[in-house]
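Next comes coords20.cif, a file with mmCIF, N, CA and C atoms.
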```
data_input
#
loop_
_atom_site.label_atom_id
_atom_site.label_comp_id
_atom_site.auth_asym_id
_atom_site.auth_seq_id
_atom_site.Cartn_x
_atom_site.Cartn_y
_atom_site.Cartn_z
N MET A 174 -33.22 13.72 52.95
CA MET A 174 -32.75 13.03 51.77
C MET A 174 -31.42 13.63 51.32
N LYS A 175 -30.45 12.78 51.05
CA LYS A 175 -29.12 13.22 50.63
C LYS A 175 -29.06 13.29 49.11
N GLY A 176 -28.20 14.20 48.62
CA GLY A 176 -28.00 14.30 47.17
C GLY A 176 -27.01 13.24 46.70
N GLY A 177 -27.13 12.81 45.48
CA GLY A 177 -26.22 11.81 44.93
C GLY A 177 -26.80 11.16 43.69
N PHE A 178 -26.14 10.14 43.23
CA PHE A 178 -26.58 9.43 42.04
C PHE A 178 -27.22 8.11 42.43
N THR A 179 -28.20 7.72 41.66
CA THR A 179 -28.82 6.42 41.91
C THR A 179 -28.01 5.34 41.21
N LEU A 180 -28.27 4.11 41.57
CA LEU A 180 -27.56 2.98 40.97
C LEU A 180 -27.82 2.89 39.47
N VAL A 181 -29.02 3.19 39.05
CA VAL A 181 -29.39 3.16 37.63
C VAL A 181 -28.59 4.21 36.85
N GLU A 182 -28.45 5.39 37.42
CA GLU A 182 -27.68 6.44 36.75
C GLU A 182 -26.21 6.04 36.62
N LEU A 183 -25.65 5.45 37.65
CA LEU A 183 -24.26 5.01 37.59
C LEU A 183 -24.07 3.90 36.55
N LEU A 184 -24.99 2.95 36.50
CA LEU A 184 -24.89 1.88 35.50
C LEU A 184 -24.99 2.43 34.08
N LEU A 185 -25.87 3.39 33.87
CA LEU A 185 -26.01 4.01 32.55
C LEU A 185 -24.73 4.77 32.18
N ALA A 186 -24.16 5.50 33.12
CA ALA A 186 -22.92 6.24 32.85
C ALA A 186 -21.78 5.27 32.53
N LEU A 187 -21.67 4.18 33.27
CA LEU A 187 -20.62 3.19 32.99
C LEU A 187 -20.82 2.52 31.63
N LEU A 188 -22.06 2.26 31.26
CA LEU A 188 -22.36 1.67 29.96
C LEU A 188 -21.94 2.61 28.83
N LEU A 189 -22.24 3.89 28.96
CA LEU A 189 -21.85 4.86 27.94
C LEU A 189 -20.33 4.99 27.86
N LEU A 190 -19.67 4.97 29.00
CA LEU A 190 -18.22 5.02 29.01
C LEU A 190 -17.62 3.80 28.31
N GLN A 191 -18.16 2.64 28.56
CA GLN A 191 -17.67 1.41 27.94
C GLN A 191 -17.87 1.44 26.43
N ILE A 192 -19.01 1.93 25.98
CA ILE A 192 -19.26 2.03 24.53
C ILE A 192 -18.25 2.98 23.89
N GLY A 193 -17.97 4.09 24.54
CA GLY A 193 -16.98 5.04 24.02
C GLY A 193 -15.59 4.45 23.96
N LEU A 194 -15.19 3.71 24.98
CA LEU A 194 -13.86 3.09 24.99
C LEU A 194 -13.74 2.01 23.91
N LEU A 195 -14.78 1.22 23.71
CA LEU A 195 -14.75 0.20 22.65
C LEU A 195 -14.67 0.84 21.27
N ALA A 196 -15.40 1.92 21.07
CA ALA A 196 -15.35 2.63 19.78
C ALA A 196 -13.95 3.19 19.53
N THR A 197 -13.33 3.73 20.57
CA THR A 197 -11.97 4.26 20.43
C THR A 197 -10.98 3.15 20.10
N ALA A 198 -11.09 2.02 20.77
CA ALA A 198 -10.20 0.89 20.48
C ALA A 198 -10.39 0.41 19.05
N GLY A 199 -11.63 0.36 18.59
CA GLY A 199 -11.90 -0.05 17.21
C GLY A 199 -11.28 0.90 16.20
N MET A 200 -11.34 2.19 16.47
CA MET A 200 -10.75 3.17 15.55
C MET A 200 -9.23 3.06 15.53
N ILE A 201 -8.63 2.76 16.68
CA ILE A 201 -7.18 2.59 16.72
C ILE A 201 -6.77 1.39 15.88
N LEU A 202 -7.49 0.29 15.98
CA LEU A 202 -7.17 -0.89 15.17
C LEU A 202 -7.35 -0.62 13.68
N LEU A 203 -8.41 0.10 13.33
CA LEU A 203 -8.64 0.44 11.93
C LEU A 203 -7.53 1.33 11.39
N ALA A 204 -7.10 2.30 12.19
CA ALA A 204 -6.01 3.19 11.77
C ALA A 204 -4.71 2.41 11.59
N GLN A 205 -4.45 1.47 12.49
CA GLN A 205 -3.24 0.66 12.38
C GLN A 205 -3.24 -0.17 11.11
N ARG A 206 -4.36 -0.78 10.77
CA ARG A 206 -4.45 -1.56 9.53
C ARG A 206 -4.24 -0.67 8.31
N SER A 207 -4.80 0.52 8.35
CA SER A 207 -4.64 1.45 7.22
C SER A 207 -3.18 1.86 7.05
N LEU A 208 -2.49 2.09 8.15
CA LEU A 208 -1.08 2.47 8.07
C LEU A 208 -0.22 1.33 7.52
N VAL A 209 -0.51 0.11 7.94
CA VAL A 209 0.24 -1.05 7.42
C VAL A 209 0.00 -1.18 5.92
N ARG A 210 -1.22 -1.05 5.48
CA ARG A 210 -1.54 -1.15 4.05
C ARG A 210 -0.85 -0.04 3.27
N ALA A 211 -0.87 1.18 3.80
CA ALA A 211 -0.22 2.30 3.12
C ALA A 211 1.28 2.05 2.97
N GLU A 212 1.91 1.49 3.99
CA GLU A 212 3.33 1.18 3.91
C GLU A 212 3.60 0.13 2.83
N LEU A 213 2.74 -0.88 2.74
CA LEU A 213 2.90 -1.91 1.71
C LEU A 213 2.74 -1.32 0.32
N VAL A 214 1.79 -0.42 0.14
CA VAL A 214 1.56 0.19 -1.17
C VAL A 214 2.78 1.03 -1.58
N VAL A 215 3.31 1.81 -0.66
CA VAL A 215 4.48 2.64 -0.97
C VAL A 215 5.68 1.75 -1.31
N ARG A 216 5.92 0.74 -0.50
CA ARG A 216 7.05 -0.16 -0.74
C ARG A 216 6.90 -0.86 -2.08
N ALA A 217 5.71 -1.38 -2.38
CA ALA A 217 5.49 -2.08 -3.65
C ALA A 217 5.67 -1.14 -4.83
N THR A 218 5.19 0.09 -4.72
CA THR A 218 5.33 1.05 -5.81
C THR A 218 6.78 1.39 -6.07
N LEU A 219 7.54 1.66 -5.01
CA LEU A 219 8.95 1.99 -5.18
C LEU A 219 9.74 0.83 -5.79
N GLU A 220 9.49 -0.37 -5.30
CA GLU A 220 10.21 -1.53 -5.84
C GLU A 220 9.78 -1.85 -7.26
N ALA A 221 8.50 -1.64 -7.59
CA ALA A 221 8.03 -1.87 -8.96
C ALA A 221 8.68 -0.87 -9.92
N GLU A 222 8.82 0.37 -9.50
CA GLU A 222 9.49 1.37 -10.33
C GLU A 222 10.96 0.99 -10.56
N ALA A 223 11.62 0.54 -9.50
CA ALA A 223 13.03 0.15 -9.63
C ALA A 223 13.19 -1.05 -10.57
N VAL A 224 12.31 -2.03 -10.46
CA VAL A 224 12.38 -3.20 -11.33
C VAL A 224 12.09 -2.80 -12.78
N ALA A 225 11.10 -1.94 -12.99
CA ALA A 225 10.78 -1.49 -14.35
C ALA A 225 11.97 -0.77 -14.97
N ASP A 226 12.62 0.11 -14.21
CA ASP A 226 13.80 0.81 -14.72
C ASP A 226 14.92 -0.17 -15.05
N SER A 227 15.13 -1.15 -14.19
CA SER A 227 16.18 -2.14 -14.43
C SER A 227 15.90 -2.95 -15.69
N LEU A 228 14.66 -3.37 -15.84
CA LEU A 228 14.30 -4.17 -17.02
C LEU A 228 14.49 -3.36 -18.30
N LEU A 229 14.07 -2.10 -18.29
CA LEU A 229 14.26 -1.27 -19.48
C LEU A 229 15.73 -1.01 -19.75
N GLY A 230 16.51 -0.81 -18.69
CA GLY A 230 17.94 -0.56 -18.86
C GLY A 230 18.67 -1.75 -19.45
N GLU A 231 18.24 -2.95 -19.10
CA GLU A 231 18.86 -4.17 -19.62
C GLU A 231 18.24 -4.62 -20.93
N GLY A 232 17.10 -4.05 -21.28
CA GLY A 232 16.42 -4.46 -22.50
C GLY A 232 15.74 -5.81 -22.38
N ALA A 233 15.49 -6.25 -21.15
CA ALA A 233 14.85 -7.56 -20.91
C ALA A 233 13.36 -7.34 -20.78
N LEU A 234 12.62 -7.63 -21.83
CA LEU A 234 11.19 -7.35 -21.83
C LEU A 234 10.34 -8.61 -21.78
N GLY A 235 10.85 -9.67 -21.24
CA GLY A 235 10.07 -10.90 -21.12
C GLY A 235 9.19 -10.86 -19.88
N GLU A 236 8.63 -12.01 -19.55
CA GLU A 236 7.80 -12.13 -18.36
C GLU A 236 8.64 -12.67 -17.21
N GLY A 237 8.22 -12.36 -15.99
CA GLY A 237 8.94 -12.88 -14.84
C GLY A 237 8.28 -12.47 -13.55
N ALA A 238 8.86 -12.94 -12.46
CA ALA A 238 8.34 -12.62 -11.13
C ALA A 238 9.50 -12.61 -10.15
N LEU A 239 9.32 -11.86 -9.08
CA LEU A 239 10.33 -11.74 -8.05
C LEU A 239 9.63 -11.75 -6.70
N ALA A 240 9.97 -12.71 -5.86
CA ALA A 240 9.36 -12.80 -4.52
C ALA A 240 9.99 -11.76 -3.60
N ARG A 241 9.17 -11.08 -2.86
CA ARG A 241 9.60 -10.09 -1.89
C ARG A 241 8.99 -10.46 -0.54
N PRO A 242 9.51 -9.93 0.57
CA PRO A 242 8.92 -10.26 1.88
C PRO A 242 7.46 -9.85 2.02
N TRP A 243 7.06 -8.80 1.35
CA TRP A 243 5.68 -8.30 1.45
C TRP A 243 4.75 -8.92 0.43
N GLY A 244 5.29 -9.61 -0.59
CA GLY A 244 4.46 -10.20 -1.65
C GLY A 244 5.30 -10.59 -2.85
N GLU A 245 4.85 -10.18 -4.03
CA GLU A 245 5.54 -10.58 -5.26
C GLU A 245 5.43 -9.48 -6.30
N LEU A 246 6.50 -9.30 -7.07
CA LEU A 246 6.49 -8.41 -8.23
C LEU A 246 6.41 -9.27 -9.48
N ARG A 247 5.48 -8.95 -10.36
CA ARG A 247 5.34 -9.67 -11.63
C ARG A 247 5.46 -8.68 -12.77
N TRP A 248 6.14 -9.07 -13.84
CA TRP A 248 6.27 -8.16 -14.96
C TRP A 248 6.07 -8.89 -16.27
N GLU A 249 5.69 -8.09 -17.27
CA GLU A 249 5.46 -8.59 -18.63
C GLU A 249 5.48 -7.39 -19.57
N PRO A 250 5.66 -7.64 -20.86
CA PRO A 250 5.59 -6.52 -21.80
C PRO A 250 4.21 -5.87 -21.73
N ALA A 251 4.18 -4.55 -21.78
CA ALA A 251 2.92 -3.82 -21.67
C ALA A 251 2.09 -3.99 -22.93
N GLU A 252 0.79 -3.96 -22.77
CA GLU A 252 -0.13 -4.09 -23.90
C GLU A 252 -0.02 -2.90 -24.85
N GLU A 253 0.43 -1.76 -24.33
CA GLU A 253 0.54 -0.56 -25.15
C GLU A 253 1.63 -0.69 -26.21
N GLY A 254 2.56 -1.61 -26.00
CA GLY A 254 3.64 -1.82 -26.95
C GLY A 254 4.71 -0.76 -26.83
N GLY A 255 5.48 -0.59 -27.87
CA GLY A 255 6.53 0.42 -27.87
C GLY A 255 7.70 0.09 -26.97
N GLY A 256 7.87 -1.18 -26.62
CA GLY A 256 8.97 -1.56 -25.75
C GLY A 256 8.70 -1.29 -24.29
N ALA A 257 7.45 -1.03 -23.93
CA ALA A 257 7.10 -0.73 -22.54
C ALA A 257 7.00 -2.02 -21.72
N VAL A 258 7.18 -1.87 -20.43
CA VAL A 258 7.07 -3.00 -19.51
C VAL A 258 6.09 -2.63 -18.41
N ARG A 259 5.29 -3.61 -18.01
CA ARG A 259 4.29 -3.42 -16.94
C ARG A 259 4.72 -4.26 -15.74
N VAL A 260 4.87 -3.63 -14.57
CA VAL A 260 5.25 -4.31 -13.34
C VAL A 260 4.12 -4.14 -12.34
N VAL A 261 3.69 -5.25 -11.75
CA VAL A 261 2.58 -5.24 -10.79
C VAL A 261 3.07 -5.84 -9.47
N GLY A 262 2.78 -5.16 -8.37
CA GLY A 262 3.08 -5.66 -7.04
C GLY A 262 1.84 -6.28 -6.43
N VAL A 263 1.92 -7.54 -6.04
CA VAL A 263 0.78 -8.28 -5.49
C VAL A 263 1.10 -8.66 -4.05
N SER A 264 0.10 -8.59 -3.18
CA SER A 264 0.30 -8.91 -1.76
C SER A 264 0.66 -10.38 -1.58
N ALA A 265 1.10 -10.71 -0.37
CA ALA A 265 1.53 -12.08 -0.08
C ALA A 265 0.40 -13.09 -0.26
N THR A 266 -0.84 -12.66 -0.06
CA THR A 266 -1.98 -13.56 -0.25
C THR A 266 -2.31 -13.76 -1.72
N GLY A 267 -1.84 -12.83 -2.57
CA GLY A 267 -2.12 -12.91 -4.00
C GLY A 267 -3.48 -12.38 -4.38
N LEU A 268 -4.21 -11.87 -3.40
CA LEU A 268 -5.57 -11.39 -3.65
C LEU A 268 -5.65 -9.88 -3.81
N ASP A 269 -4.57 -9.18 -3.52
CA ASP A 269 -4.62 -7.72 -3.47
C ASP A 269 -3.50 -7.13 -4.31
N THR A 270 -3.84 -6.32 -5.30
CA THR A 270 -2.84 -5.62 -6.09
C THR A 270 -2.43 -4.36 -5.34
N LEU A 271 -1.15 -4.27 -5.02
CA LEU A 271 -0.66 -3.13 -4.25
C LEU A 271 -0.17 -2.00 -5.14
N ALA A 272 0.41 -2.34 -6.30
CA ALA A 272 0.97 -1.30 -7.16
C ALA A 272 0.99 -1.79 -8.59
N GLY A 273 0.92 -0.85 -9.50
CA GLY A 273 1.05 -1.14 -10.92
C GLY A 273 1.83 -0.02 -11.58
N VAL A 274 2.90 -0.38 -12.28
CA VAL A 274 3.76 0.61 -12.92
C VAL A 274 3.97 0.20 -14.36
N THR A 275 3.78 1.14 -15.29
CA THR A 275 4.11 0.92 -16.69
C THR A 275 5.22 1.89 -17.05
N ALA A 276 6.31 1.39 -17.60
CA ALA A 276 7.45 2.23 -17.95
C ALA A 276 7.78 2.06 -19.42
N TRP A 277 8.11 3.17 -20.07
CA TRP A 277 8.48 3.16 -21.49
C TRP A 277 9.96 3.50 -21.61
N PRO A 278 10.61 2.95 -22.62
CA PRO A 278 12.03 3.29 -22.82
C PRO A 278 12.16 4.76 -23.26
N LEU A 279 13.30 5.32 -22.95
CA LEU A 279 13.56 6.71 -23.32
C LEU A 279 13.79 6.80 -24.82
N ARG A 280 13.29 7.86 -25.42
CA ARG A 280 13.47 8.09 -26.85
C ARG A 280 14.43 9.25 -27.04
N GLY A 281 15.32 9.13 -27.99
CA GLY A 281 16.26 10.21 -28.29
C GLY A 281 17.37 10.26 -27.27
N THR A 282 18.11 11.35 -27.32
CA THR A 282 19.22 11.53 -26.40
C THR A 282 18.99 12.78 -25.57
N PHE A 283 19.61 12.81 -24.44
CA PHE A 283 19.52 13.97 -23.57
C PHE A 283 20.83 14.75 -23.64
N ARG A 284 20.68 16.05 -23.53
CA ARG A 284 21.87 16.88 -23.49
C ARG A 284 21.97 17.50 -22.12
N ASP A 285 23.16 17.61 -21.63
CA ASP A 285 23.40 18.28 -20.36
C ASP A 285 23.24 19.77 -20.57
N PRO A 286 22.27 20.42 -19.89
CA PRO A 286 22.04 21.84 -20.15
C PRO A 286 23.24 22.70 -19.75
N GLY A 287 24.06 22.24 -18.83
CA GLY A 287 25.21 23.03 -18.42
C GLY A 287 26.45 22.71 -19.22
N GLY A 288 26.41 21.63 -19.97
CA GLY A 288 27.60 21.22 -20.72
C GLY A 288 27.56 21.67 -22.15
N SER A 289 28.54 21.25 -22.88
CA SER A 289 28.58 21.65 -24.29
C SER A 289 28.14 20.54 -25.19
#
```
Any chance you could put this one into structure tokens?
Amino acid sequence: MKGGFTLVELLLALLLLQIGLLATAGMILLAQRSLVRAELVVRATLEAEAVADSLLGEGALGEGALARPWGELRWEPAEEGGGAVRVVGVSATGLDTLAGVTAWPLRGTFRDPGGS
């Protein structure tokens, strides 16, 4: 009798290998989706902050929206009052809030610490 593997053992080994490869492929797809979502969240947050700063700088505290390639930025006066503005970034489907920024106007004046 010669040493070796039986057909059943080979089929079982191939089945386990296939399950491992499918699990790895699934994890790669999940990681890719997470990275895309993270990029959208960062982009929406940065653009929402920029829009909030612009609105406060111009003193325009009404409602509005701005279409972006990744979705839409919507703004309105904040419920907290005090001249604050709330900017929300919504995904292209409109079902997912990516970012929310509330900005308040600056109070008082700033002095340059190195100047006079």
Item to check | the PyMOL selection byres ((chain A and resi 262) around 7) resolved against shown file, as a list in words | outcome: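 In the shown coordinates, the PyMOL selection byres ((chain A and resi 262) around 7) covers Ala217, Thr218, Ala221, Gly244, Glu245, Leu246, Arg247, Val260, Val261, Val263, Ser264, Asp269, Thr270, Leu271, Ala272, Gly273 and Val274 of chain A.
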Extract the full set of helix (DSSP H, G or I) residues from chain A according to DSSP on the backbone, and format it as a tab-separated table (two decimals) with N, CA and C atoms, in the coordinates of the input.
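That gives us result-v5.tsv:
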```tsv
chain	number	residue	atom	x	y	z
A	180	LEU	N	-28.27	4.11	41.57
A	180	LEU	CA	-27.56	2.98	40.97
A	180	LEU	C	-27.82	2.89	39.47
A	181	VAL	N	-29.02	3.19	39.05
A	181	VAL	CA	-29.39	3.16	37.63
A	181	VAL	C	-28.59	4.21	36.85
A	182	GLU	N	-28.45	5.39	37.42
A	182	GLU	CA	-27.68	6.44	36.75
A	182	GLU	C	-26.21	6.04	36.62
A	183	LEU	N	-25.65	5.45	37.65
A	183	LEU	CA	-24.26	5.01	37.59
A	183	LEU	C	-24.07	3.90	36.55
A	184	LEU	N	-24.99	2.95	36.50
A	184	LEU	CA	-24.89	1.88	35.50
A	184	LEU	C	-24.99	2.43	34.08
A	185	LEU	N	-25.87	3.39	33.87
A	185	LEU	CA	-26.01	4.01	32.55
A	185	LEU	C	-24.73	4.77	32.18
A	186	ALA	N	-24.16	5.50	33.12
A	186	ALA	CA	-22.92	6.24	32.85
A	186	ALA	C	-21.78	5.27	32.53
A	187	LEU	N	-21.67	4.18	33.27
A	187	LEU	CA	-20.62	3.19	32.99
A	187	LEU	C	-20.82	2.52	31.63
A	188	LEU	N	-22.06	2.26	31.26
A	188	LEU	CA	-22.36	1.67	29.96
A	188	LEU	C	-21.94	2.61	28.83
A	189	LEU	N	-22.24	3.89	28.96
A	189	LEU	CA	-21.85	4.86	27.94
A	189	LEU	C	-20.33	4.99	27.86
A	190	LEU	N	-19.67	4.97	29.00
A	190	LEU	CA	-18.22	5.02	29.01
A	190	LEU	C	-17.62	3.80	28.31
A	191	GLN	N	-18.16	2.64	28.56
A	191	GLN	CA	-17.67	1.41	27.94
A	191	GLN	C	-17.87	1.44	26.43
A	192	ILE	N	-19.01	1.93	25.98
A	192	ILE	CA	-19.26	2.03	24.53
A	192	ILE	C	-18.25	2.98	23.89
A	193	GLY	N	-17.97	4.09	24.54
A	193	GLY	CA	-16.98	5.04	24.02
A	193	GLY	C	-15.59	4.45	23.96
A	194	LEU	N	-15.19	3.71	24.98
A	194	LEU	CA	-13.86	3.09	24.99
A	194	LEU	C	-13.74	2.01	23.91
A	195	LEU	N	-14.78	1.22	23.71
A	195	LEU	CA	-14.75	0.20	22.65
A	195	LEU	C	-14.67	0.84	21.27
A	196	ALA	N	-15.40	1.92	21.07
A	196	ALA	CA	-15.35	2.63	19.78
A	196	ALA	C	-13.95	3.19	19.53
A	197	THR	N	-13.33	3.73	20.57
A	197	THR	CA	-11.97	4.26	20.43
A	197	THR	C	-10.98	3.15	20.10
A	198	ALA	N	-11.09	2.02	20.77
A	198	ALA	CA	-10.20	0.89	20.48
A	198	ALA	C	-10.39	0.41	19.05
A	199	GLY	N	-11.63	0.36	18.59
A	199	GLY	CA	-11.90	-0.05	17.21
A	199	GLY	C	-11.28	0.90	16.20
A	200	MET	N	-11.34	2.19	16.47
A	200	MET	CA	-10.75	3.17	15.55
A	200	MET	C	-9.23	3.06	15.53
A	201	ILE	N	-8.63	2.76	16.68
A	201	ILE	CA	-7.18	2.59	16.72
A	201	ILE	C	-6.77	1.39	15.88
A	202	LEU	N	-7.49	0.29	15.98
A	202	LEU	CA	-7.17	-0.89	15.17
A	202	LEU	C	-7.35	-0.62	13.68
A	203	LEU	N	-8.41	0.10	13.33
A	203	LEU	CA	-8.64	0.44	11.93
A	203	LEU	C	-7.53	1.33	11.39
A	204	ALA	N	-7.10	2.30	12.19
A	204	ALA	CA	-6.01	3.19	11.77
A	204	ALA	C	-4.71	2.41	11.59
A	205	GLN	N	-4.45	1.47	12.49
A	205	GLN	CA	-3.24	0.66	12.38
A	205	GLN	C	-3.24	-0.17	11.11
A	206	ARG	N	-4.36	-0.78	10.77
A	206	ARG	CA	-4.45	-1.56	9.53
A	206	ARG	C	-4.24	-0.67	8.31
A	207	SER	N	-4.80	0.52	8.35
A	207	SER	CA	-4.64	1.45	7.22
A	207	SER	C	-3.18	1.86	7.05
A	208	LEU	N	-2.49	2.09	8.15
A	208	LEU	CA	-1.08	2.47	8.07
A	208	LEU	C	-0.22	1.33	7.52
A	209	VAL	N	-0.51	0.11	7.94
A	209	VAL	CA	0.24	-1.05	7.42
A	209	VAL	C	0.00	-1.18	5.92
A	210	ARG	N	-1.22	-1.05	5.48
A	210	ARG	CA	-1.54	-1.15	4.05
A	210	ARG	C	-0.85	-0.04	3.27
A	211	ALA	N	-0.87	1.18	3.80
A	211	ALA	CA	-0.22	2.30	3.12
A	211	ALA	C	1.28	2.05	2.97
A	212	GLU	N	1.91	1.49	3.99
A	212	GLU	CA	3.33	1.18	3.91
A	212	GLU	C	3.60	0.13	2.83
A	213	LEU	N	2.74	-0.88	2.74
A	213	LEU	CA	2.90	-1.91	1.71
A	213	LEU	C	2.74	-1.32	0.32
A	214	VAL	N	1.79	-0.42	0.14
A	214	VAL	CA	1.56	0.19	-1.17
A	214	VAL	C	2.78	1.03	-1.58
A	215	VAL	N	3.31	1.81	-0.66
A	215	VAL	CA	4.48	2.64	-0.97
A	215	VAL	C	5.68	1.75	-1.31
A	216	ARG	N	5.92	0.74	-0.50
A	216	ARG	CA	7.05	-0.16	-0.74
A	216	ARG	C	6.90	-0.86	-2.08
A	217	ALA	N	5.71	-1.38	-2.38
A	217	ALA	CA	5.49	-2.08	-3.65
A	217	ALA	C	5.67	-1.14	-4.83
A	218	THR	N	5.19	0.09	-4.72
A	218	THR	CA	5.33	1.05	-5.81
A	218	THR	C	6.78	1.39	-6.07
A	219	LEU	N	7.54	1.66	-5.01
A	219	LEU	CA	8.95	1.99	-5.18
A	219	LEU	C	9.74	0.83	-5.79
A	220	GLU	N	9.49	-0.37	-5.30
A	220	GLU	CA	10.21	-1.53	-5.84
A	220	GLU	C	9.78	-1.85	-7.26
A	221	ALA	N	8.50	-1.64	-7.59
A	221	ALA	CA	8.03	-1.87	-8.96
A	221	ALA	C	8.68	-0.87	-9.92
A	222	GLU	N	8.82	0.37	-9.50
A	222	GLU	CA	9.49	1.37	-10.33
A	222	GLU	C	10.96	0.99	-10.56
A	223	ALA	N	11.62	0.54	-9.50
A	223	ALA	CA	13.03	0.15	-9.63
A	223	ALA	C	13.19	-1.05	-10.57
A	224	VAL	N	12.31	-2.03	-10.46
A	224	VAL	CA	12.38	-3.20	-11.33
A	224	VAL	C	12.09	-2.80	-12.78
A	225	ALA	N	11.10	-1.94	-12.99
A	225	ALA	CA	10.78	-1.49	-14.35
A	225	ALA	C	11.97	-0.77	-14.97
A	226	ASP	N	12.62	0.11	-14.21
A	226	ASP	CA	13.80	0.81	-14.72
A	226	ASP	C	14.92	-0.17	-15.05
A	227	SER	N	15.13	-1.15	-14.19
A	227	SER	CA	16.18	-2.14	-14.43
A	227	SER	C	15.90	-2.95	-15.69
A	228	LEU	N	14.66	-3.37	-15.84
A	228	LEU	CA	14.30	-4.17	-17.02
A	228	LEU	C	14.49	-3.36	-18.30
A	229	LEU	N	14.07	-2.10	-18.29
A	229	LEU	CA	14.26	-1.27	-19.48
A	229	LEU	C	15.73	-1.01	-19.75
A	230	GLY	N	16.51	-0.81	-18.69
A	230	GLY	CA	17.94	-0.56	-18.86
A	230	GLY	C	18.67	-1.75	-19.45
A	231	GLU	N	18.24	-2.95	-19.10
A	231	GLU	CA	18.86	-4.17	-19.62
A	231	GLU	C	18.24	-4.62	-20.93
```
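Distance-wise, atom C of Leu202 in chain A and CA of Glu222 in chain A end up 29.4 Å apart.
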Report as a tab-separated table (two decimals) with N, CA and C atoms, in the coordinates of the input the full result of the PyMOL selection byres ((chain A and resi 225) around 8) when it is applied to this structure.
```tsv
chain	number	residue	atom	x	y	z
A	219	LEU	N	7.54	1.66	-5.01
A	219	LEU	CA	8.95	1.99	-5.18
A	219	LEU	C	9.74	0.83	-5.79
A	220	GLU	N	9.49	-0.37	-5.30
A	220	GLU	CA	10.21	-1.53	-5.84
A	220	GLU	C	9.78	-1.85	-7.26
A	221	ALA	N	8.50	-1.64	-7.59
A	221	ALA	CA	8.03	-1.87	-8.96
A	221	ALA	C	8.68	-0.87	-9.92
A	222	GLU	N	8.82	0.37	-9.50
A	222	GLU	CA	9.49	1.37	-10.33
A	222	GLU	C	10.96	0.99	-10.56
A	223	ALA	N	11.62	0.54	-9.50
A	223	ALA	CA	13.03	0.15	-9.63
A	223	ALA	C	13.19	-1.05	-10.57
A	224	VAL	N	12.31	-2.03	-10.46
A	224	VAL	CA	12.38	-3.20	-11.33
A	224	VAL	C	12.09	-2.80	-12.78
A	226	ASP	N	12.62	0.11	-14.21
A	226	ASP	CA	13.80	0.81	-14.72
A	226	ASP	C	14.92	-0.17	-15.05
A	227	SER	N	15.13	-1.15	-14.19
A	227	SER	CA	16.18	-2.14	-14.43
A	227	SER	C	15.90	-2.95	-15.69
A	228	LEU	N	14.66	-3.37	-15.84
A	228	LEU	CA	14.30	-4.17	-17.02
A	228	LEU	C	14.49	-3.36	-18.30
A	229	LEU	N	14.07	-2.10	-18.29
A	229	LEU	CA	14.26	-1.27	-19.48
A	229	LEU	C	15.73	-1.01	-19.75
A	230	GLY	N	16.51	-0.81	-18.69
A	230	GLY	CA	17.94	-0.56	-18.86
A	230	GLY	C	18.67	-1.75	-19.45
A	231	GLU	N	18.24	-2.95	-19.10
A	231	GLU	CA	18.86	-4.17	-19.62
A	231	GLU	C	18.24	-4.62	-20.93
A	258	VAL	N	7.18	-1.87	-20.43
A	258	VAL	CA	7.07	-3.00	-19.51
A	258	VAL	C	6.09	-2.63	-18.41
A	259	ARG	N	5.29	-3.61	-18.01
A	259	ARG	CA	4.29	-3.42	-16.94
A	259	ARG	C	4.72	-4.26	-15.74
A	260	VAL	N	4.87	-3.63	-14.57
A	260	VAL	CA	5.25	-4.31	-13.34
A	260	VAL	C	4.12	-4.14	-12.34
A	274	VAL	N	2.90	-0.38	-12.28
A	274	VAL	CA	3.76	0.61	-12.92
A	274	VAL	C	3.97	0.20	-14.36
A	275	THR	N	3.78	1.14	-15.29
A	275	THR	CA	4.11	0.92	-16.69
A	275	THR	C	5.22	1.89	-17.05
A	276	ALA	N	6.31	1.39	-17.60
A	276	ALA	CA	7.45	2.23	-17.95
A	276	ALA	C	7.78	2.06	-19.42
A	277	TRP	N	8.11	3.17	-20.07
A	277	TRP	CA	8.48	3.16	-21.49
A	277	TRP	C	9.96	3.50	-21.61
```
Checklist entry - So which bits of chain A end up strand (DSSP E) when you DSSP the backbone, as an NGL selection string? => result :A and (237-241 or 244-250 or 258-264 or 270-276)
Next on the checklist: Please report the interatomic distance between atom C of Leu189 in chain A and CA of Ile201 in chain A in Å with one decimal.
Outcome noted: 17.4 Å
